[in-house]
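Here is model.pdb, consisting of PDB, C-alpha atoms:
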```pdb
ATOM      1  CA  MET O1126      99.773  97.980  84.344
ATOM      2  CA  ILE O1127     102.706  98.365  82.001
ATOM      3  CA  SER O1128     104.421  95.411  80.342
ATOM      4  CA  LYS O1129     107.152  93.397  82.047
ATOM      5  CA  LYS O1130     109.621  94.772  79.497
ATOM      6  CA  GLN O1131     108.713  98.381  80.341
ATOM      7  CA  PHE O1132     108.779  97.622  84.065
ATOM      8  CA  ASN O1133     112.293  96.167  83.787
ATOM      9  CA  LYS O1134     113.341  99.277  81.859
ATOM     10  CA  GLU O1135     112.049 101.458  84.712
ATOM     11  CA  ILE O1136     114.082  99.431  87.221
ATOM     12  CA  ALA O1137     117.217  99.763  85.105
ATOM     13  CA  ILE O1138     116.726 103.544  84.948
ATOM     14  CA  ILE O1139     116.308 103.718  88.735
ATOM     15  CA  ILE O1140     119.535 101.803  89.332
ATOM     16  CA  ALA O1141     121.593 103.814  86.852
ATOM     17  CA  ASN O1142     120.326 107.141  88.164
ATOM     18  CA  ALA O1143     120.756 106.189  91.832
ATOM     19  CA  ILE O1144     124.353 105.056  91.313
ATOM     20  CA  ARG O1145     125.051 108.244  89.333
ATOM     21  CA  GLU O1146     123.618 110.306  92.171
ATOM     22  CA  ASP O1147     125.441 108.475  94.957
ATOM     23  CA  VAL O1148     128.803 107.585  93.451
ATOM     24  CA  GLY O1149     129.519 110.450  91.067
ATOM     25  CA  ASP O1150     133.169 110.370  90.018
ATOM     26  CA  GLY O1151     134.044 107.752  92.616
ATOM     27  CA  ASP O1152     133.515 106.367  96.120
ATOM     28  CA  HIS O1153     136.534 108.164  97.494
ATOM     29  CA  SER O1154     136.039 106.817 101.033
ATOM     30  CA  SER O1155     136.600 103.275  99.776
ATOM     31  CA  LEU O1156     139.165 104.219  97.141
ATOM     32  CA  ALA O1157     141.238 105.986  99.795
ATOM     33  CA  CYS O1158     141.610 103.131 102.263
ATOM     34  CA  ILE O1159     140.702  99.792 100.652
ATOM     35  CA  PRO O1160     143.077  98.132  98.164
ATOM     36  CA  TYR O1161     141.686  97.758  94.654
ATOM     37  CA  ASP O1162     142.055  93.978  94.721
ATOM     38  CA  ALA O1163     140.685  93.456  98.268
ATOM     39  CA  THR O1164     137.791  91.011  98.538
ATOM     40  CA  GLY O1165     135.287  90.327 101.288
ATOM     41  CA  THR O1166     131.796  89.236 102.272
ATOM     42  CA  ALA O1167     128.922  91.182 103.781
ATOM     43  CA  LYS O1168     125.515  90.098 105.106
ATOM     44  CA  LEU O1169     122.138  91.799 104.918
ATOM     45  CA  LEU O1170     121.045  91.849 108.548
ATOM     46  CA  VAL O1171     117.431  92.370 109.649
ATOM     47  CA  LYS O1172     117.007  94.544 112.758
ATOM     48  CA  ASP O1173     113.214  94.711 112.667
ATOM     49  CA  GLU O1174     110.107  92.618 111.959
ATOM     50  CA  GLY O1175     107.916  92.473 108.872
ATOM     51  CA  ILE O1176     107.885  91.298 105.269
ATOM     52  CA  ILE O1177     111.205  91.495 103.459
ATOM     53  CA  ALA O1178     111.202  93.041  99.992
ATOM     54  CA  GLY O1179     113.906  94.107  97.569
ATOM     55  CA  VAL O1180     116.172  91.045  97.595
ATOM     56  CA  GLU O1181     115.789  90.584  93.846
ATOM     57  CA  PHE O1182     116.343  94.302  93.330
ATOM     58  CA  ALA O1183     119.524  94.122  95.426
ATOM     59  CA  LYS O1184     120.825  91.360  93.157
ATOM     60  CA  GLN O1185     120.302  93.638  90.157
ATOM     61  CA  VAL O1186     122.123  96.503  91.882
ATOM     62  CA  PHE O1187     125.121  94.353  92.752
ATOM     63  CA  ASP O1188     125.250  93.019  89.197
ATOM     64  CA  TYR O1189     125.107  96.561  87.778
ATOM     65  CA  VAL O1190     127.908  97.781  90.035
ATOM     66  CA  ASP O1191     130.076  94.693  89.534
ATOM     67  CA  PRO O1192     129.003  91.538  87.638
ATOM     68  CA  GLY O1193     131.691  89.676  89.587
ATOM     69  CA  LEU O1194     129.821  90.023  92.883
ATOM     70  CA  GLU O1195     128.105  86.833  94.059
ATOM     71  CA  VAL O1196     124.879  86.918  96.085
ATOM     72  CA  ASP O1197     123.827  83.938  98.219
ATOM     73  CA  VAL O1198     120.135  84.429  99.041
ATOM     74  CA  LYS O1199     118.922  82.922 102.325
ATOM     75  CA  ILE O1200     115.498  84.609 102.575
ATOM     76  CA  LYS O1201     113.398  85.413  99.513
ATOM     77  CA  ASP O1202     111.170  88.430  98.861
ATOM     78  CA  GLY O1203     107.769  88.200 100.546
ATOM     79  CA  THR O1204     109.006  86.191 103.531
ATOM     80  CA  PRO O1205     108.213  87.267 107.120
ATOM     81  CA  VAL O1206     111.440  88.207 108.926
ATOM     82  CA  LYS O1207     112.486  89.003 112.478
ATOM     83  CA  TYR O1208     115.388  90.676 114.256
ATOM     84  CA  GLY O1209     118.641  88.835 113.613
ATOM     85  CA  ASP O1210     117.666  87.172 110.344
ATOM     86  CA  VAL O1211     120.190  87.267 107.494
ATOM     87  CA  CYS O1212     118.588  87.701 104.068
ATOM     88  CA  PHE O1213     121.678  87.196 101.930
ATOM     89  CA  TYR O1214     125.453  87.254 101.751
ATOM     90  CA  VAL O1215     127.286  89.160  99.038
ATOM     91  CA  SER O1216     130.904  88.336  98.215
ATOM     92  CA  GLY O1217     133.554  89.816  95.942
ATOM     93  CA  SER O1218     135.323  93.134  95.575
ATOM     94  CA  SER O1219     135.132  95.045  98.850
ATOM     95  CA  GLN O1220     135.076  98.354  96.984
ATOM     96  CA  SER O1221     132.139  97.184  94.844
ATOM     97  CA  ILE O1222     130.144  95.982  97.840
ATOM     98  CA  LEU O1223     130.537  99.369  99.520
ATOM     99  CA  LYS O1224     129.667 101.221  96.314
ATOM    100  CA  ALA O1225     126.327  99.373  96.122
ATOM    101  CA  GLU O1226     125.594  99.368  99.860
ATOM    102  CA  ARG O1227     123.547 102.555 100.264
ATOM    103  CA  LEU O1228     121.300 102.022  97.251
ATOM    104  CA  VAL O1229     120.590  98.449  98.341
ATOM    105  CA  LEU O1230     119.728  99.519 101.884
ATOM    106  CA  ASN O1231     117.687 102.588 100.942
ATOM    107  CA  ALA O1232     115.613 100.566  98.502
ATOM    108  CA  MET O1233     115.152  97.463 100.645
ATOM    109  CA  GLN O1234     114.255  99.432 103.773
ATOM    110  CA  ARG O1235     111.477 101.289 101.967
ATOM    111  CA  MET O1236     110.302  98.333  99.899
ATOM    112  CA  SER O1237     110.102  96.148 103.013
ATOM    113  CA  ALA O1238     108.079  98.796 104.834
ATOM    114  CA  ILE O1239     105.622  98.982 101.939
ATOM    115  CA  ALA O1240     105.375  95.197 101.647
ATOM    116  CA  THR O1241     104.784  94.929 105.390
ATOM    117  CA  LYS O1242     102.012  97.527 105.391
ATOM    118  CA  THR O1243     100.406  96.023 102.298
ATOM    119  CA  ASN O1244     100.434  92.582 103.891
ATOM    120  CA  ALA O1245      98.611  93.955 106.949
ATOM    121  CA  PHE O1246      95.805  95.168 104.652
ATOM    122  CA  VAL O1247      95.783  91.879 102.750
ATOM    123  CA  LYS O1248      95.315  89.871 105.941
ATOM    124  CA  LEU O1249      92.329  92.007 106.930
ATOM    125  CA  LEU O1250      90.713  91.282 103.557
ATOM    126  CA  GLU O1251      91.012  87.503 103.791
ATOM    127  CA  GLY O1252      87.758  85.751 102.983
ATOM    128  CA  THR O1253      86.074  88.810 101.432
ATOM    129  CA  GLY O1254      87.110  88.510  97.774
ATOM    130  CA  THR O1255      88.241  92.165  97.817
ATOM    131  CA  LYS O1256      91.766  93.067  96.702
ATOM    132  CA  ILE O1257      93.936  95.953  97.865
ATOM    133  CA  LEU O1258      95.313  98.366  95.236
ATOM    134  CA  ASP O1259      98.081 100.936  95.372
ATOM    135  CA  THR O1260      97.832 104.402  93.763
ATOM    136  CA  ARG O1261     100.054 106.964  92.008
ATOM    137  CA  LYS O1262     100.877 108.527  95.387
ATOM    138  CA  THR O1263     104.452 107.292  95.164
ATOM    139  CA  THR O1264     107.917 108.765  95.604
ATOM    140  CA  PRO O1265     108.898 110.542  92.357
ATOM    141  CA  GLY O1266     111.494 108.572  90.437
ATOM    142  CA  ILE O1267     111.113 105.228  92.225
ATOM    143  CA  ARG O1268     107.481 104.322  91.513
ATOM    144  CA  ALA O1269     108.478 100.975  90.011
ATOM    145  CA  LEU O1270     110.187  99.952  93.259
ATOM    146  CA  GLU O1271     107.227 100.930  95.410
ATOM    147  CA  LYS O1272     104.696  99.176  93.193
ATOM    148  CA  TRP O1273     106.951  96.104  93.120
ATOM    149  CA  ALA O1274     106.910  96.134  96.925
ATOM    150  CA  VAL O1275     103.099  96.249  96.969
ATOM    151  CA  LYS O1276     103.028  93.090  94.844
ATOM    152  CA  ILE O1277     105.537  91.398  97.133
ATOM    153  CA  GLY O1278     103.284  92.227 100.096
ATOM    154  CA  GLY O1279     100.324  90.528  98.413
ATOM    155  CA  GLY O1280      98.586  93.588  96.982
ATOM    156  CA  GLU O1281      97.675  94.487  93.420
ATOM    157  CA  ASN O1282      98.959  97.319  91.255
ATOM    158  CA  HIS O1283      96.615 100.013  89.977
ATOM    159  CA  ARG O1284      97.632 101.780  86.758
ATOM    160  CA  PHE O1285     101.349 102.501  86.639
ATOM    161  CA  ALA O1286     101.069 106.047  85.319
ATOM    162  CA  LEU O1287      98.904 108.427  83.320
ATOM    163  CA  TYR O1288      99.516 106.602  80.055
ATOM    164  CA  ASP O1289      98.411 103.009  80.748
ATOM    165  CA  MET O1290      94.864 103.538  82.042
ATOM    166  CA  ILE O1291      92.338 106.374  81.939
ATOM    167  CA  MET O1292      90.899 107.571  85.228
ATOM    168  CA  LEU O1293      88.293 110.310  85.034
ATOM    169  CA  LYS O1294      88.260 111.962  88.434
ATOM    170  CA  ASP O1295      86.223 114.867  89.779
ATOM    171  CA  ASN O1296      88.392 117.553  88.167
ATOM    172  CA  HIS O1297      88.283 115.873  84.748
ATOM    173  CA  ILE O1298      84.502 115.625  85.009
ATOM    174  CA  ASP O1299      84.049 119.221  86.149
ATOM    175  CA  PHE O1300      86.457 120.680  83.578
ATOM    176  CA  CYS O1301      84.779 118.681  80.807
ATOM    177  CA  GLY O1302      81.246 119.687  81.786
ATOM    178  CA  GLY O1303      79.741 116.590  83.359
ATOM    179  CA  VAL O1304      80.272 112.874  83.791
ATOM    180  CA  THR O1305      78.425 111.726  80.653
ATOM    181  CA  LYS O1306      80.225 114.222  78.438
ATOM    182  CA  ALA O1307      83.576 113.259  79.952
ATOM    183  CA  ILE O1308      83.001 109.563  79.243
ATOM    184  CA  GLU O1309      81.651 110.105  75.730
ATOM    185  CA  THR O1310      84.494 112.452  74.802
ATOM    186  CA  THR O1311      87.020 109.993  76.208
ATOM    187  CA  ASN O1312      85.543 107.113  74.247
ATOM    188  CA  GLU O1313      85.718 109.172  71.038
ATOM    189  CA  TYR O1314      89.346 110.025  71.798
ATOM    190  CA  LEU O1315      90.245 106.354  72.224
ATOM    191  CA  GLU O1316      88.527 105.380  68.976
ATOM    192  CA  GLU O1317      90.118 108.210  67.000
ATOM    193  CA  ASN O1318      93.589 107.338  68.276
ATOM    194  CA  GLN O1319      93.053 103.567  68.107
ATOM    195  CA  LEU O1320      93.973 103.138  71.763
ATOM    196  CA  ASP O1321      93.011 100.108  73.796
ATOM    197  CA  ILE O1322      92.992 101.627  77.287
ATOM    198  CA  LYS O1323      90.549 100.832  80.087
ATOM    199  CA  ILE O1324      88.400 103.607  81.576
ATOM    200  CA  ILE O1325      87.827 104.113  85.288
ATOM    201  CA  VAL O1326      85.411 106.823  86.403
ATOM    202  CA  GLU O1327      85.122 108.348  89.849
ATOM    203  CA  ALA O1328      81.607 108.744  91.254
ATOM    204  CA  ARG O1329      80.825 111.247  93.985
ATOM    205  CA  ASN O1330      77.274 110.111  94.676
ATOM    206  CA  LEU O1331      74.673 107.526  93.691
ATOM    207  CA  ASP O1332      73.194 109.740  90.978
ATOM    208  CA  GLU O1333      76.581 109.904  89.230
ATOM    209  CA  ILE O1334      76.819 106.118  89.391
ATOM    210  CA  LYS O1335      73.447 105.808  87.634
ATOM    211  CA  GLU O1336      74.663 108.231  84.977
ATOM    212  CA  ILE O1337      77.942 106.366  84.501
ATOM    213  CA  LEU O1338      76.152 103.035  84.098
ATOM    214  CA  LYS O1339      74.113 104.373  81.168
ATOM    215  CA  THR O1340      77.269 104.787  79.078
ATOM    216  CA  LYS O1341      78.120 101.059  79.227
ATOM    217  CA  VAL O1342      81.800 101.614  78.360
ATOM    218  CA  VAL O1343      83.389 101.893  81.801
ATOM    219  CA  TYR O1344      85.775  99.216  83.083
ATOM    220  CA  ARG O1345      85.552 100.165  86.762
ATOM    221  CA  ILE O1346      83.678 102.687  88.889
ATOM    222  CA  LEU O1347      85.579 104.378  91.691
ATOM    223  CA  ILE O1348      83.202 104.766  94.634
ATOM    224  CA  ASP O1349      84.998 107.653  96.290
ATOM    225  CA  ASN O1350      84.476 108.817  99.881
ATOM    226  CA  PHE O1351      81.175 106.974 100.332
ATOM    227  CA  ASN O1352      79.990 105.794 103.737
ATOM    228  CA  TYR O1353      79.259 102.102 104.329
ATOM    229  CA  GLU O1354      75.539 102.340 103.621
ATOM    230  CA  ASP O1355      75.952 104.203 100.339
ATOM    231  CA  THR O1356      78.796 101.891  99.306
ATOM    232  CA  ARG O1357      76.457  98.912  99.675
ATOM    233  CA  LYS O1358      73.815 100.711  97.620
ATOM    234  CA  ALA O1359      76.416 101.541  94.971
ATOM    235  CA  VAL O1360      77.576  97.933  94.698
ATOM    236  CA  GLU O1361      73.975  96.787  94.363
ATOM    237  CA  LEU O1362      73.311  99.384  91.646
ATOM    238  CA  ILE O1363      76.397  98.430  89.661
ATOM    239  CA  GLY O1364      75.919  94.686  89.951
ATOM    240  CA  ASP O1365      77.868  92.845  87.255
ATOM    241  CA  THR O1366      77.920  95.784  84.844
ATOM    242  CA  CYS O1367      81.527  96.625  85.711
ATOM    243  CA  LEU O1368      84.078  96.306  88.496
ATOM    244  CA  THR O1369      83.924  98.394  91.670
ATOM    245  CA  GLU O1370      86.584 100.164  93.711
ATOM    246  CA  SER O1371      86.326 101.992  97.026
ATOM    247  CA  SER O1372      88.736 104.722  98.054
ATOM    248  CA  GLY O1373      89.046 107.783 100.224
ATOM    249  CA  GLY O1374      90.717 107.626 103.629
ATOM    250  CA  ILE O1375      90.151 103.919 104.135
ATOM    251  CA  THR O1376      92.357 102.655 106.980
ATOM    252  CA  LEU O1377      93.283  99.400 108.682
ATOM    253  CA  ASP O1378      90.379 100.057 111.056
ATOM    254  CA  THR O1379      87.769 100.510 108.320
ATOM    255  CA  ILE O1380      88.946  98.377 105.407
ATOM    256  CA  ARG O1381      87.205  95.171 106.467
ATOM    257  CA  GLU O1382      83.788  96.819 106.666
ATOM    258  CA  TYR O1383      84.230  98.433 103.248
ATOM    259  CA  ALA O1384      85.234  95.064 101.820
ATOM    260  CA  GLU O1385      82.111  93.496 103.310
ATOM    261  CA  CYS O1386      80.070  95.978 101.264
ATOM    262  CA  GLY O1387      81.023  93.813  98.290
ATOM    263  CA  VAL O1388      83.495  95.969  96.361
ATOM    264  CA  ASP O1389      86.022  94.265  94.083
ATOM    265  CA  TYR O1390      88.907  96.543  95.021
ATOM    266  CA  ILE O1391      89.956  99.011  97.690
ATOM    267  CA  SER O1392      92.710 101.501  96.832
ATOM    268  CA  SER O1393      94.924 103.145  99.407
ATOM    269  CA  GLY O1394      97.625 105.764  98.906
ATOM    270  CA  ALA O1395      98.854 104.996 102.414
ATOM    271  CA  LEU O1396     100.481 101.793 101.154
ATOM    272  CA  THR O1397     103.240 103.909  99.639
ATOM    273  CA  HIS O1398     103.051 107.407 101.110
ATOM    274  CA  SER O1399     102.784 106.602 104.827
ATOM    275  CA  VAL O1400     105.351 103.996 105.846
ATOM    276  CA  TYR O1401     108.321 103.804 108.207
ATOM    277  CA  ASN O1402     111.433 102.147 106.799
ATOM    278  CA  MET O1403     112.354  98.695 108.049
ATOM    279  CA  ASP O1404     115.681  98.713 109.906
ATOM    280  CA  LEU O1405     118.250  96.792 107.842
ATOM    281  CA  SER O1406     122.049  96.814 107.793
ATOM    282  CA  LEU O1407     124.770  95.527 105.492
ATOM    283  CA  LYS O1408     127.583  94.272 107.726
ATOM    284  CA  ALA O1409     131.018  92.966 106.823
ATOM    285  CA  VAL O1410     131.506  89.346 107.853
TER     286      VAL O1410
END
```

How does this structure look as structure tokens?
Amino acid sequence: MISKKQFNKEIAIIIANAIREDVGDGDHSSLACIPYDATGTAKLLVKDEGIIAGVEFAKQVFDYVDPGLEVDVKIKDGTPVKYGDVCFYVSGSSQSILKAERLVLNAMQRMSAIATKTNAFVKLLEGTGTKILDTRKTTPGIRALEKWAVKIGGGENHRFALYDMIMLKDNHIDFCGGVTKAIETTNEYLEENQLDIKIIVEARNLDEIKEILKTKVVYRILIDNFNYEDTRKAVELIGDTCLTESSGGITLDTIREYAECGVDYISSGALTHSVYNMDLSLKAV
């Protein structure tokens, strides 16, 4: 994953761009009917059940819109919530609260959905030693938020983007002319450019795993779309040579059995691409 400094930069970009998109030259609804100096308080009301996520992000949004806004947090990120819970109160300029409202809600509703789904996977993995990973199957422009939500839900982040980890998938291997050539060429590229980047290689069958293991430079092998029996064989073949990761349509119904095959990680795009927003509201008090 990227550094904390780079991650914070991504969050700052998201906030600035979202406010630009939503506010434009002014929130004319509020400007038209609310006095400039009017003050008030609003509460973040939960109208659903799950794991709340995005409280810390909301604080950053309010601070960006108006540093004078004060946020009183009652429920922290990662906490189970139910209908009627109040996560925080925000007080200050009424115009500023309304200017920030939609970005806060849009982000928290999606982040909470992702955290909730991730937590369901995490609970199914308890006692196995296997960790759940997200993927790059995220909403363009807000990847940092969605990966943050996965962490809040108890999951782990895969690579952030194309630049912080190498993953040689089937197309890379086929375009390059084979798995061994792809790995060797990649290793030469890293040495020539003095890059310290981990290599993950996707394997489509047990023979490819044997070929990958001969190179002895791979950080993790992606055991992609294997059945349970072949996954167990793959884990046994790999042993302690490198880390293992299963992927490919793994669901809440199948994840436990894949974990019991002994893999270190299971990755799922569904953590971020198949969620239903948690119902949240920001209500004036």

### Task
Could you tell me which residues the PyMOL selection byres ((chain O and resi 1224) around 9) returns for this structure, as a VMD selection string?
chain O and resid 1144 1147 to 1148 1151 to 1152 1155 1187 1190 1219 to 1223 1225 to 1228

### Task
Apply the PyMOL selection byres ((chain O and resi 1371) around 12) to the structure shown and report the selected residues as number ranges by chain.
O: 1255-1259, 1326-1329, 1345-1353, 1355-1357, 1359-1360, 1368-1370, 1372-1376, 1379-1393

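Computed from the coordinates, the CA of Asn1402 (chain O) to CA of Leu1287 (chain O) distance equals 27.3 Å.
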
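Near His1297 (chain O), within 12 Å and counting all atoms listed in the file, sit Ile1291, Met1292, Leu1293, Lys1294, Asp1295, Asp1299, Phe1300, Cys1301, Gly1302, Gly1303, Val1304, Thr1305, Lys1306, Ala1307, Ile1308, Thr1310, Thr1311, Ile1325, Val1326, Glu1327 and Ala1328 of chain O; same-chain residues fewer than 2 positions away were not included.
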
### Counting only C-alpha atoms, the option among O:Leu1194, O:Val1410, O:Leu1156, O:Val1400 closest to Thr1241 (chain O)
O:Val1400

### Query
Do you have the CA of Ile1322 (chain O)-CA of Asn1282 (chain O) distance handy?
15.8 Å

### Message
Going by the chain IDs and residue numbers used in this file, which residues fall under the PyMOL selection byres ((chain O and resi 1161-1164) around 9)? Write them as a list in words.
### Response
Leu1156, Ile1159, Pro1160, Gly1165, Thr1166, Ser1216, Gly1217, Ser1218, Ser1219 and Gln1220 of chain O

Need the axis-aligned box for region 1184-1201 of chain O with 3 Å each side, so what are the centre and edges in Å to one decimal, as JSON?
```
{"center_x": 122.5, "center_y": 90.4, "center_z": 95.1, "size_x": 24.3, "size_y": 20.9, "size_z": 20.9}
```
